[in-house]
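Engineer: Contents of target_32.cif (mmCIF, C-alpha atoms and all ligand atoms):
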```cif
data_start
loop_
_atom_site.label_atom_id
_atom_site.label_comp_id
_atom_site.auth_asym_id
_atom_site.auth_seq_id
_atom_site.Cartn_x
_atom_site.Cartn_y
_atom_site.Cartn_z
CA MET A 144 0.00 0.00 0.00
CA PRO A 145 2.74 2.55 0.80
CA ASN A 146 4.07 2.11 -2.73
CA VAL A 147 0.63 2.78 -4.20
CA ILE A 148 0.41 5.98 -2.15
CA ILE A 149 3.84 7.10 -3.34
CA GLY A 150 2.91 6.23 -6.92
CA ILE A 151 -0.34 8.20 -6.86
CA PHE A 152 1.40 11.16 -5.27
CA LEU A 153 4.19 11.16 -7.86
CA VAL A 154 1.69 11.05 -10.74
CA LEU A 155 -0.29 14.00 -9.36
CA PHE A 156 2.90 15.84 -8.45
CA THR A 157 4.26 15.45 -12.00
CA LEU A 158 0.93 16.50 -13.47
CA GLU A 159 0.93 19.70 -11.43
CA PHE A 160 4.50 20.38 -12.53
CA VAL A 161 3.61 19.86 -16.19
CA VAL A 162 0.52 22.08 -16.01
CA GLU A 163 2.57 24.81 -14.32
CA LEU A 164 5.35 24.59 -16.91
CA VAL A 165 3.00 24.48 -19.90
CA LEU A 166 1.08 27.53 -18.68
CA ASN A 167 4.34 29.40 -18.23
CA GLU A 168 5.56 28.43 -21.71
CA LEU A 169 2.23 29.48 -23.25
CA ASN A 170 2.59 32.83 -21.56
CA ILE A 171 6.17 33.28 -22.78
CA ARG A 172 5.14 32.48 -26.36
CA GLN A 173 2.22 34.89 -26.23
CA VAL A 174 4.41 37.73 -25.00
CA ARG A 175 7.09 37.04 -27.61
CA LYS A 176 4.53 36.91 -30.38
CA SER A 177 2.87 40.17 -29.33
CA ARG A 178 6.25 41.83 -28.93
CA ALA A 179 7.41 40.75 -32.40
CA ALA A 180 4.18 42.09 -33.93
CA GLN A 181 4.26 45.20 -31.70
CA ALA A 182 0.69 44.26 -30.89
CA VAL A 183 -0.13 46.82 -28.18
CA PRO A 184 -3.71 46.25 -26.99
CA GLU A 185 -6.23 48.81 -28.19
CA PHE A 186 -6.73 50.67 -24.91
CA PHE A 187 -2.99 51.24 -24.53
CA GLN A 188 -2.10 52.33 -28.01
CA ASP A 189 -1.60 56.03 -27.37
CA ARG A 190 -0.81 55.55 -23.73
CA ILE A 191 2.41 53.58 -23.70
CA SER A 192 5.64 54.52 -25.42
CA LYS A 193 7.58 52.08 -27.58
CA ASP A 194 10.27 51.92 -24.91
CA GLU A 195 7.83 51.25 -22.10
CA TYR A 196 6.15 48.49 -24.11
CA GLU A 197 9.50 46.89 -24.90
CA GLN A 198 10.51 47.16 -21.25
CA SER A 199 7.27 45.55 -20.03
CA ALA A 200 7.80 42.62 -22.44
CA ARG A 201 11.39 42.21 -21.26
CA TYR A 202 10.34 42.35 -17.61
CA THR A 203 7.63 39.71 -18.11
CA LEU A 204 10.02 37.46 -20.05
CA ALA A 205 12.76 37.79 -17.46
CA LYS A 206 10.35 36.75 -14.71
CA SER A 207 8.88 33.90 -16.76
CA ARG A 208 12.26 32.50 -17.77
CA PHE A 209 13.34 32.51 -14.14
CA ARG A 210 10.08 30.83 -13.22
CA ARG A 211 11.10 27.77 -15.25
CA TRP A 212 14.10 27.22 -13.02
CA SER A 213 12.48 28.20 -9.74
CA GLU A 214 9.68 25.73 -10.55
CA VAL A 215 12.17 22.88 -11.08
CA TYR A 216 14.12 23.86 -7.97
CA GLY A 217 10.97 24.03 -5.82
CA ARG A 218 10.01 20.53 -6.97
CA ILE A 219 13.41 19.14 -6.07
CA VAL A 220 13.15 20.65 -2.59
CA ILE A 221 9.77 18.99 -1.95
CA LEU A 222 10.98 15.63 -3.27
CA PHE A 223 14.11 15.83 -1.17
CA LEU A 224 12.08 16.67 1.91
CA LEU A 225 9.71 13.74 1.34
CA PHE A 226 12.11 11.09 0.09
CA GLY A 227 15.55 12.19 1.26
CA GLY A 228 15.09 10.89 4.80
CA LEU A 229 14.98 14.40 6.21
CA LEU A 230 11.64 14.06 8.01
CA PRO A 231 12.54 10.95 10.07
CA LEU A 232 15.91 12.54 10.80
CA LEU A 233 14.23 15.70 12.10
CA GLU A 234 11.85 13.64 14.20
CA ASN A 235 14.72 11.76 15.85
CA LEU A 236 16.76 14.89 16.33
CA ILE A 237 13.92 16.63 18.15
CA ILE A 238 13.27 13.63 20.39
CA ALA A 239 16.97 13.46 21.25
CA MET A 240 17.09 17.17 22.06
CA LEU A 241 13.99 17.34 24.24
CA PRO A 242 14.08 16.33 27.91
CA GLN A 243 12.36 13.00 28.58
CA SER A 244 9.35 14.68 30.18
CA LEU A 245 8.52 16.59 26.99
CA ALA A 246 9.29 13.84 24.49
CA ASN A 247 5.65 12.94 24.06
CA SER A 248 4.14 16.38 24.58
CA HIS A 249 2.71 18.68 21.94
CA ILE A 250 5.91 20.71 22.18
CA ARG A 251 7.60 17.99 20.17
CA GLY A 252 4.93 18.24 17.47
CA VAL A 253 5.13 22.03 17.38
CA LEU A 254 8.92 21.90 16.99
CA PHE A 255 8.63 19.35 14.19
CA CYS A 256 6.15 21.48 12.22
CA LEU A 257 8.14 24.69 12.78
CA ALA A 258 11.38 22.98 11.74
CA VAL A 259 9.84 21.82 8.46
CA GLY A 260 8.52 25.34 7.90
CA ALA A 261 11.97 26.78 8.58
CA ILE A 262 13.60 24.37 6.11
CA LEU A 263 11.11 25.35 3.42
CA SER A 264 11.68 29.07 3.96
CA LEU A 265 15.42 28.62 4.01
CA ALA A 266 15.24 26.67 0.76
CA SER A 267 13.20 29.42 -0.91
CA LEU A 268 15.74 32.08 0.09
CA PRO A 269 17.94 31.86 -3.06
CA ILE A 270 14.87 32.17 -5.30
CA ASP A 271 13.59 35.14 -3.38
CA LEU A 272 17.00 36.82 -3.27
CA TYR A 273 17.45 36.53 -7.02
CA SER A 274 13.93 37.85 -7.74
CA THR A 275 14.48 40.84 -5.49
CA PHE A 276 18.11 41.77 -6.09
CA GLY A 277 18.41 40.30 -9.59
CA ILE A 278 15.26 40.86 -11.63
CA GLU A 279 13.53 43.58 -9.62
CA SER A 280 16.75 45.57 -9.34
CA ARG A 281 17.53 45.23 -13.05
CA PHE A 282 14.19 46.80 -13.93
CA GLY A 283 14.55 49.56 -11.38
CA PHE A 284 11.85 48.34 -9.00
CA ASN A 285 13.84 47.09 -6.05
CA LYS A 286 14.52 49.63 -3.30
CA THR A 287 15.27 47.11 -0.55
CA THR A 288 18.74 46.98 0.93
CA LEU A 289 20.26 43.69 2.02
CA SER A 290 20.01 44.72 5.67
CA LEU A 291 16.34 45.66 5.35
CA TYR A 292 15.73 42.43 3.48
CA PHE A 293 17.25 40.29 6.20
CA SER A 294 15.64 42.24 9.01
CA ASP A 295 12.28 41.56 7.29
CA LYS A 296 13.11 37.86 7.18
CA LEU A 297 14.08 37.89 10.84
CA LYS A 298 10.83 39.61 11.80
CA GLY A 299 8.95 37.02 9.74
CA LEU A 300 10.74 34.25 11.60
CA ILE A 301 9.93 35.77 15.00
CA LEU A 302 6.26 36.17 14.03
CA GLY A 303 6.22 32.60 12.71
CA ILE A 304 7.41 31.29 16.07
CA LEU A 305 5.32 33.63 18.26
CA ILE A 306 2.09 33.15 16.32
CA GLY A 307 2.64 29.80 14.61
CA GLY A 308 3.92 28.07 17.77
CA PRO A 309 0.85 28.60 19.99
CA PHE A 310 -1.44 28.09 17.00
CA LEU A 311 0.06 24.67 16.25
CA PHE A 312 0.01 23.77 19.92
CA VAL A 313 -3.76 24.34 20.14
CA VAL A 314 -4.44 22.47 16.90
CA LEU A 315 -2.38 19.48 18.06
CA TRP A 316 -4.07 19.57 21.44
CA LEU A 317 -7.55 19.63 19.84
CA MET A 318 -6.59 16.72 17.59
CA GLN A 319 -5.75 14.64 20.64
CA ALA A 320 -8.27 15.85 23.20
CA THR A 321 -11.59 16.23 21.38
CA GLY A 322 -12.12 12.73 20.04
CA GLU A 323 -13.47 11.63 16.69
CA TYR A 324 -14.87 15.02 15.73
CA TRP A 325 -11.65 16.89 16.47
CA TRP A 326 -11.65 18.25 12.93
CA ILE A 327 -14.84 20.23 13.57
CA TRP A 328 -13.29 21.71 16.72
CA ALA A 329 -10.14 22.49 14.77
CA PHE A 330 -12.24 24.10 12.06
CA VAL A 331 -13.92 26.38 14.59
CA PHE A 332 -10.60 27.25 16.19
CA ILE A 333 -8.78 27.96 12.91
CA THR A 334 -11.67 30.09 11.65
CA LEU A 335 -11.70 32.16 14.84
CA PHE A 336 -7.93 32.42 14.67
CA GLN A 337 -8.07 33.71 11.09
CA LEU A 338 -10.66 36.25 12.14
CA LEU A 339 -8.38 37.40 14.93
CA MET A 340 -5.46 37.69 12.48
CA ILE A 341 -7.53 39.78 10.07
CA ILE A 342 -8.32 42.10 12.96
CA ILE A 343 -4.83 42.37 14.43
CA PHE A 344 -2.84 42.31 11.19
CA PRO A 345 -3.43 45.92 10.09
CA THR A 346 -2.98 47.42 13.57
CA PHE A 347 -0.32 45.25 15.18
CA ILE A 348 1.63 43.33 12.56
CA ALA A 349 1.79 45.43 9.39
CA PRO A 350 3.14 48.52 11.28
CA TRP A 351 6.16 46.46 12.27
CA PHE A 352 7.19 46.40 8.61
CA ASN A 353 5.86 49.72 7.30
CA LYS A 354 4.84 53.16 8.45
CA PHE A 355 1.15 53.95 8.13
CA GLU A 356 0.04 57.54 8.27
CA PRO A 357 -3.30 59.18 7.78
CA LEU A 358 -3.39 60.98 4.43
CA ALA A 359 -1.97 64.50 4.59
CA SER A 360 -4.49 67.30 4.27
CA GLY A 361 -5.08 68.73 0.84
CA GLU A 362 -7.40 68.44 -2.09
CA LEU A 363 -7.05 64.66 -2.34
CA ARG A 364 -7.95 64.15 1.31
CA ASP A 365 -10.87 66.58 1.17
CA ARG A 366 -12.30 64.85 -1.84
CA ILE A 367 -11.70 61.41 -0.36
CA GLN A 368 -13.51 62.43 2.81
CA ALA A 369 -16.44 63.69 0.78
CA LEU A 370 -16.46 60.41 -1.14
CA ALA A 371 -16.21 58.35 2.05
CA LYS A 372 -19.15 60.26 3.53
CA GLN A 373 -21.21 59.69 0.40
CA ILE A 374 -20.49 55.95 0.53
CA GLY A 375 -20.70 55.55 4.30
CA PHE A 376 -17.09 54.49 4.84
CA LYS A 377 -15.48 55.53 8.11
CA SER A 378 -12.85 57.87 6.73
CA SER A 379 -10.33 57.44 9.54
CA GLY A 380 -9.55 54.10 7.91
CA ILE A 381 -7.56 55.51 4.98
CA PHE A 382 -3.79 55.23 5.33
CA LEU A 383 -0.70 56.05 3.36
CA MET A 384 2.02 53.39 3.47
CA ASP A 385 5.73 53.90 2.79
CA GLY A 386 5.87 51.19 0.13
CA SER A 387 8.72 53.04 -1.59
CA LYS A 388 11.00 51.78 1.19
CA ARG A 389 11.10 48.37 -0.51
CA SER A 390 9.87 48.69 -4.06
CA ALA A 391 8.86 51.16 -6.74
CA HIS A 392 5.80 49.04 -7.53
CA SER A 393 2.59 50.83 -6.66
CA ASN A 394 -0.57 49.41 -5.17
CA ALA A 395 -3.60 49.93 -2.97
CA TYR A 396 -5.61 47.46 -0.95
CA PHE A 397 -8.55 47.05 1.36
CA THR A 398 -8.21 44.87 4.43
CA GLY A 399 -9.77 44.04 7.78
CA ILE A 400 -13.35 43.77 8.95
CA GLY A 401 -15.53 45.73 11.33
CA ARG A 402 -13.70 48.50 13.13
CA ALA A 403 -10.33 47.17 11.98
CA LYS A 404 -11.12 47.84 8.31
CA ARG A 405 -8.80 50.10 6.39
CA ILE A 406 -7.78 51.20 2.95
CA VAL A 407 -4.04 51.34 2.37
CA LEU A 408 -2.52 53.44 -0.40
CA PHE A 409 1.15 53.09 -1.29
CA ASP A 410 3.06 56.36 -1.39
CA THR A 411 4.30 55.27 -4.82
CA LEU A 412 0.70 55.19 -6.05
CA ILE A 413 -0.11 58.69 -4.84
CA GLU A 414 3.00 60.04 -6.56
CA GLN A 415 2.09 58.50 -9.89
CA MET A 416 -1.54 59.49 -10.06
CA SER A 417 -3.67 62.54 -10.60
CA ILE A 418 -6.25 63.38 -7.97
CA GLU A 419 -9.04 62.10 -10.20
CA GLN A 420 -7.26 58.78 -10.66
CA GLY A 421 -6.45 58.45 -6.96
CA LEU A 422 -10.08 59.07 -6.14
CA ALA A 423 -11.13 56.35 -8.59
CA VAL A 424 -8.76 53.88 -6.90
CA LEU A 425 -10.27 54.77 -3.52
CA ALA A 426 -13.80 54.41 -4.82
CA HIS A 427 -12.77 50.96 -6.07
CA GLU A 428 -11.37 50.00 -2.65
CA MET A 429 -14.50 51.29 -0.94
CA GLY A 430 -16.42 49.08 -3.35
CA HIS A 431 -14.64 46.06 -1.86
CA TYR A 432 -15.79 47.23 1.57
CA LYS A 433 -19.34 48.02 0.47
CA MET A 434 -19.83 44.62 -1.10
CA LYS A 435 -18.33 42.70 1.83
CA HIS A 436 -15.70 41.05 -0.32
CA VAL A 437 -13.41 40.15 2.59
CA ARG A 438 -16.27 38.24 4.18
CA ARG A 439 -17.17 36.45 0.97
CA MET A 440 -13.57 35.44 0.37
CA MET A 441 -13.32 34.09 3.92
CA LEU A 442 -16.45 32.04 3.39
CA MET A 443 -14.94 30.43 0.31
CA GLN A 444 -11.68 29.71 2.11
CA GLY A 445 -13.63 28.39 5.10
CA LEU A 446 -15.35 25.89 2.85
CA ILE A 447 -12.01 24.69 1.49
CA LEU A 448 -10.63 24.43 5.03
CA PHE A 449 -13.66 22.41 6.18
CA VAL A 450 -13.24 19.84 3.42
CA GLY A 451 -9.46 19.79 3.91
CA LEU A 452 -9.76 19.08 7.63
CA TYR A 453 -12.28 16.33 7.00
CA ILE A 454 -9.86 14.65 4.59
CA LEU A 455 -7.05 15.09 7.12
CA SER A 456 -9.22 13.44 9.79
CA ARG A 457 -9.52 10.34 7.57
CA LEU A 458 -5.79 10.37 6.87
CA VAL A 459 -4.63 10.62 10.47
CA ASN A 460 -5.56 7.04 11.27
CA TYR A 461 -4.31 5.53 8.05
CA GLU A 462 -0.96 3.95 8.87
CA PRO A 463 0.35 3.31 5.29
CA VAL A 464 0.55 7.07 4.61
CA PHE A 465 3.10 7.37 7.38
CA SER A 466 5.13 4.28 6.58
CA ALA A 467 5.33 5.41 2.94
CA PHE A 468 7.56 8.23 4.19
CA ASP A 469 9.31 6.32 6.99
CA LEU A 470 7.45 8.12 9.73
CA GLN A 471 5.71 6.86 12.85
CA PRO A 472 2.00 7.74 12.92
CA SER A 473 1.44 10.95 14.88
CA ASN A 474 -0.74 14.02 14.59
CA HIS A 475 2.14 16.36 13.85
CA ALA A 476 3.50 14.05 11.14
CA ALA A 477 -0.01 13.95 9.67
CA LEU A 478 -0.13 17.77 9.59
CA VAL A 479 3.24 18.03 7.83
CA LEU A 480 2.56 15.21 5.37
CA PHE A 481 -0.86 16.61 4.59
CA SER A 482 0.50 20.04 3.83
CA LEU A 483 3.30 18.62 1.66
CA LEU A 484 1.15 16.05 -0.14
CA SER A 485 -1.94 18.17 -0.71
CA GLY A 486 -0.15 20.66 -2.98
CA PRO A 487 -0.86 18.80 -6.22
CA LEU A 488 -4.58 18.79 -5.31
CA THR A 489 -5.06 22.26 -3.83
CA PHE A 490 -3.23 23.56 -6.90
CA TYR A 491 -6.44 23.10 -8.83
CA LEU A 492 -8.37 25.20 -6.33
CA ALA A 493 -6.25 28.28 -7.07
CA PRO A 494 -8.11 29.11 -10.32
CA LEU A 495 -11.41 28.84 -8.46
CA VAL A 496 -10.31 31.23 -5.73
CA ASN A 497 -8.92 33.54 -8.41
CA LEU A 498 -12.20 33.40 -10.28
CA LEU A 499 -14.03 34.69 -7.21
CA SER A 500 -11.35 37.32 -6.65
CA ARG A 501 -11.65 38.55 -10.26
CA LYS A 502 -15.43 38.72 -9.88
CA HIS A 503 -14.87 40.97 -6.87
CA GLU A 504 -12.54 43.21 -8.88
CA TYR A 505 -15.14 43.68 -11.61
CA GLU A 506 -17.73 44.52 -8.96
CA ALA A 507 -15.46 47.05 -7.26
CA ASP A 508 -14.65 48.68 -10.62
CA ARG A 509 -18.34 48.87 -11.40
CA PHE A 510 -19.01 50.40 -8.00
CA ALA A 511 -16.31 53.04 -8.59
CA VAL A 512 -17.68 53.95 -12.01
CA ILE A 513 -21.26 54.26 -10.77
CA THR A 514 -20.27 56.19 -7.63
CA LEU A 515 -18.12 58.66 -9.56
CA GLY A 516 -20.67 58.86 -12.35
CA LYS A 517 -17.96 58.33 -14.98
CA GLY A 518 -15.59 55.64 -16.14
CA LYS A 519 -12.67 57.69 -17.42
CA PRO A 520 -10.75 58.18 -14.11
CA MET A 521 -10.88 54.45 -13.31
CA GLU A 522 -9.67 53.62 -16.82
CA GLU A 523 -6.88 56.17 -16.57
CA ALA A 524 -5.85 54.85 -13.17
CA LEU A 525 -5.69 51.29 -14.52
CA ILE A 526 -3.65 52.30 -17.55
CA ASN A 527 -1.34 54.33 -15.37
CA LEU A 528 -0.83 51.47 -12.88
CA THR A 529 -0.23 48.94 -15.65
CA VAL A 530 2.34 51.05 -17.47
CA LYS A 531 4.23 52.16 -14.34
CA ASN A 532 4.41 48.61 -12.99
CA LEU A 533 5.45 47.22 -16.40
CA SER A 534 2.63 44.70 -16.08
CA ASN A 535 2.22 42.18 -18.86
CA LEU A 536 -0.11 43.75 -21.44
CA THR A 537 -0.70 40.52 -23.31
CA PRO A 538 -0.87 37.55 -20.94
CA ASN A 539 -1.92 34.20 -22.31
CA PRO A 540 -5.64 33.75 -21.48
CA TRP A 541 -5.07 30.32 -19.90
CA TYR A 542 -2.24 31.65 -17.82
CA SER A 543 -4.18 34.64 -16.57
CA ALA A 544 -7.33 32.59 -15.89
CA TYR A 545 -5.22 30.30 -13.78
CA HIS A 546 -2.91 32.65 -11.95
CA TYR A 547 -4.38 36.15 -11.96
CA SER A 548 -6.29 37.37 -8.93
CA HIS A 549 -7.22 40.48 -10.94
CA PRO A 550 -8.66 40.54 -14.45
CA THR A 551 -6.17 41.82 -17.04
CA PRO A 552 -6.23 45.61 -17.54
CA THR A 553 -7.71 45.10 -21.01
CA GLU A 554 -10.55 43.01 -19.55
CA ARG A 555 -11.19 45.58 -16.84
CA ILE A 556 -11.25 48.57 -19.17
CA GLY A 557 -13.48 46.62 -21.55
CA ALA A 558 -15.92 46.00 -18.69
CA ILE A 559 -15.84 49.68 -17.68
CA ARG A 560 -16.63 50.72 -21.25
CA ARG A 561 -19.60 48.38 -21.25
CA ILE A 562 -20.98 50.06 -18.11
CA THR A 563 -20.52 53.58 -19.42
CA THR A 564 -21.91 53.10 -22.92
ZN ZN B 601 -9.54 45.57 -6.04
#
```
Now that the file is in, can you turn its structure into structure tokens?
Structural biologist:
Amino acid sequence: MPNVIIGIFLVLFTLEFVVELVLNELNIRQVRKSRAAQAVPEFFQDRISKDEYEQSARYTLAKSRFRRWSEVYGRIVILFLLFGGLLPLLENLIIAMLPQSLANSHIRGVLFCLAVGAILSLASLPIDLYSTFGIESRFGFNKTTLSLYFSDKLKGLILGILIGGPFLFVVLWLMQATGEYWWIWAFVFITLFQLLMIIIFPTFIAPWFNKFEPLASGELRDRIQALAKQIGFKSSGIFLMDGSKRSAHSNAYFTGIGRAKRIVLFDTLIEQMSIEQGLAVLAHEMGHYKMKHVRRMMLMQGLILFVGLYILSRLVNYEPVFSAFDLQPSNHAALVLFSLLSGPLTFYLAPLVNLLSRKHEYEADRFAVITLGKGKPMEEALINLTVKNLSNLTPNPWYSAYHYSHPTPTERIGAIRRITT
């Protein structure tokens, strides 16, 4: 039986790899073809210079070519972790290190999970370093220094231990203490935990990495406040973030629920945009709030979690899964194996989640257009963002359907035109 499990996993794992590679190749071909034909999409024709178009194609191609290798490398890491004897070695190491009295406690399980997490992050470091200091720097986006980069990583590690440690401890405890239906208890706990994170993230965690300031007074703020009043959005929740500290990429997002909700604008975005465009971006973000998109997204993820935990609850008592990877059956080993083995299956959920996310983007655009009574500022803002960020103007439709959480700029502008005409 263990061999059958390994066989099925390897088939699914290879399939995921092939799908990922094929999508990437399709995207590369599409960009090359459009670049050779100088096929700038209609909405961008007078809005992007020849140089900017060329640069955006080069940027996309550089990232996609690197993706080929990072994809292969990531696969090797997972295979090594699963089949290289690392997991049993870790297990033994932790048992040897812990005092006898803790050898069978949840502490051991927590350490095992955290150690696997640490190995995975360490392994992804070279990929991340090259993306940041290689590609992003080459195209003038990276503003991070090595010291800032590593202090970010260190903070991430500390948060991982401080938040992930207790979280894992409770999950492992529930798995052991609440009997057959532990997975329902775990579901309730994880959902509440996520809710707590959504509430504390903007106020307690994000400020550790960035400065958030209320927008400075001026025409933009006055008009935003008027807009917020019209929509019914509590206007103290609009913040400017020093995104330029790390990257020249510009962005805006809406996060949090209830009183913790806030709209965050990158300083890079404000610099690049006219007041009309900035207002359109804010109206779009307020649209996310108005239509309760955070809640709807959580509901979808909750559903996936519920099914995932149920499957895990069946797996926990199935000995061959453990022996397939030379591990003794335990709850913490089940957690780690489940998260490593489920990748090739959850991979197919990504396009579904993205589909919902893209639906939300269309709705927020629509909201902005209707609220402002015109579509032009939203269109201009989108064009501006796309050009400044050197976003891919001509993604392959399969690739974007699979990977994009936002519709392509061409799709979005097309939808805006359909509302306004
Ligand atoms: Zn949005």
Engineer: Distance CA of Ser177 (chain A)-CA of Gly283 (chain A), one decimal place?
Structural biologist: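 So the two atoms, CA of Ser177 (chain A) and CA of Gly283 (chain A), lie 23.4 Å apart.
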Engineer: Residues at most 7 Å from ligand ZN 601 (chain B), using all atoms listed in the file? Could they come as a compact mmCIF listing (two decimals) with C-alpha atoms, in the frame of the given file?
Structural biologist:
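Below is the file part15.txt, written as the result:
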```txt
# COMPACT_ATOMS: atom_id res chain seq x y z
CA TYR A 396 -5.61 47.46 -0.95
CA HIS A 427 -12.77 50.96 -6.07
CA GLU A 428 -11.37 50.00 -2.65
CA HIS A 431 -14.64 46.06 -1.86
CA GLU A 504 -12.54 43.21 -8.88
CA ALA A 507 -15.46 47.05 -7.26
```
Engineer: Leaving out region 474-483 of chain A and any residue of its chain fewer than 6 positions from it, which residues lie within 10 Å of it when counting only C-alpha atoms, given as number ranges by chain?
Structural biologist: A: 221-222, 224-225, 230-231, 234, 249, 251-257, 259-260, 311-312, 314-316, 318-319, 451-452, 454-456, 458-461, 464-465, 468, 489
Engineer: Mind running region 151-241 of chain A against region 553-558 of chain A at 12 Å and telling me each contacting residue's nearest atom pair with the distance in Å (one decimal), counting all atoms listed in the file, chain and number ascending, as CSV?
Structural biologist:
```
residue,atom,partner,partner_atom,distance
A:Val183,CA,A:Thr553,CA,10.6
A:Pro184,CA,A:Thr553,CA,7.3
A:Glu185,CA,A:Thr553,CA,8.2
A:Phe186,CA,A:Thr553,CA,6.9
A:Phe187,CA,A:Thr553,CA,8.5
A:Gln188,CA,A:Thr553,CA,11.5
```
Engineer: Can you work out the spacing between CA of Ala524 (chain A) and CA of Val424 (chain A) in Å, to one decimal?
Structural biologist: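 Calculated distance between CA of Ala524 (chain A) and CA of Val424 (chain A) is 7.0 Å.
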Engineer: Go through region 210-301 of chain A residue by residue and, counting all atoms listed in the file, keep those with an atom at most 12 Å from region 195-201 of chain A; for each kept residue give the shortest atom pair and its distance in Å to one decimal, ordered by chain and increasing number, as a tab-separated table.
Structural biologist:
```
residue	atom	partner	partner_atom	distance
A:Ile278	CA	A:Arg201	CA	10.5
A:Glu279	CA	A:Arg201	CA	11.9
A:Arg281	CA	A:Arg201	CA	10.7
A:Phe282	CA	A:Gln198	CA	8.2
A:Gly283	CA	A:Gln198	CA	10.9
```
Engineer: Do you have the CA of Phe226 (chain A)-CA of Leu268 (chain A) distance handy?
Structural biologist: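 Computed distance, CA of Phe226 (chain A) to CA of Leu268 (chain A), equals 21.3 Å.
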Engineer: Given all atoms listed in the file as the basis, pick out the residue of A:Pro494, A:Gly516, A:Gly486, A:Gly150 nearest to Ser543 (chain A).
Structural biologist: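 Residue with the minimum atom-to-atom distance to Ser543 (chain A): A:Pro494.
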Engineer: Can you work out which one of A:Gly401, A:Leu536, A:Phe284, A:Phe449 has the shortest atom-to-atom distance to Trp325 (chain A), counting only C-alpha atoms?
Structural biologist: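 Counting only C-alpha atoms, the residue closest to Trp325 (chain A) is A:Phe449.
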Engineer: Using only C-alpha atoms for the distances, tell me which of A:Ser360, A:Leu442, A:Trp351, A:Ile343 is nearest to Ile400 (chain A).
Structural biologist: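 Smallest separation from Ile400 (chain A) among the options: A:Ile343.
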Engineer: Which residues are close to Glu356 (chain A), i.e. within 7 Å by only C-alpha atoms, leaving aside same-chain residues fewer than 5 positions away? Reply as a list of chain:residue names.
Structural biologist: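 With the cut-off at 7 Å, the set is A:Phe382, A:Leu383, A:Met384.
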Engineer: For Gly299 (chain A), which residue among A:Tyr432, A:Val313, A:Asn235, A:Phe352 is the nearest when counting all atoms listed in the file?
Structural biologist: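 Among A:Tyr432, A:Val313, A:Asn235, A:Phe352, it is A:Phe352 that comes nearest to Gly299 (chain A).
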Engineer: Calculated over all atoms listed in the file, which of the candidates A:Ser290, A:Ser473, A:Asn539, A:Thr564 has the smallest distance to Asn170 (chain A)?
Structural biologist: A:Asn539
Engineer: Let me make sure I understand: among A:Gln368, A:Ser390, A:Gln373, A:Gln337, which one has the smallest atom-to-atom distance to Thr275 (chain A) if we use all atoms listed in the file?
Structural biologist: A:Ser390
Engineer: Would you kindly return, as a VMD selection string, each protein, DNA or RNA residue with an atom no farther than 8 Å from any atom of region 410-413 of chain A, considering only C-alpha atoms and excluding same-chain residues fewer than 2 positions away?
Structural biologist: chain A and resid 383 to 387 391 to 395 408 415 to 417 421 528
Engineer: Can you list, as a ChimeraX atom specification, every protein, DNA or RNA residue that comes within 9 Å of Arg190 (chain A) when you count only C-alpha atoms, leaving out same-chain residues fewer than 5 positions away?
Structural biologist: /A:526-527,530
Engineer: Do you know which residues are at most 8 Å from region 152-163 of chain A counting all atoms listed in the file, after dropping those on the same chain fewer than 6 positions away, and could you put them as a PyMOL selection string?
Structural biologist: chain A and resi 214+218+484+486-488+490
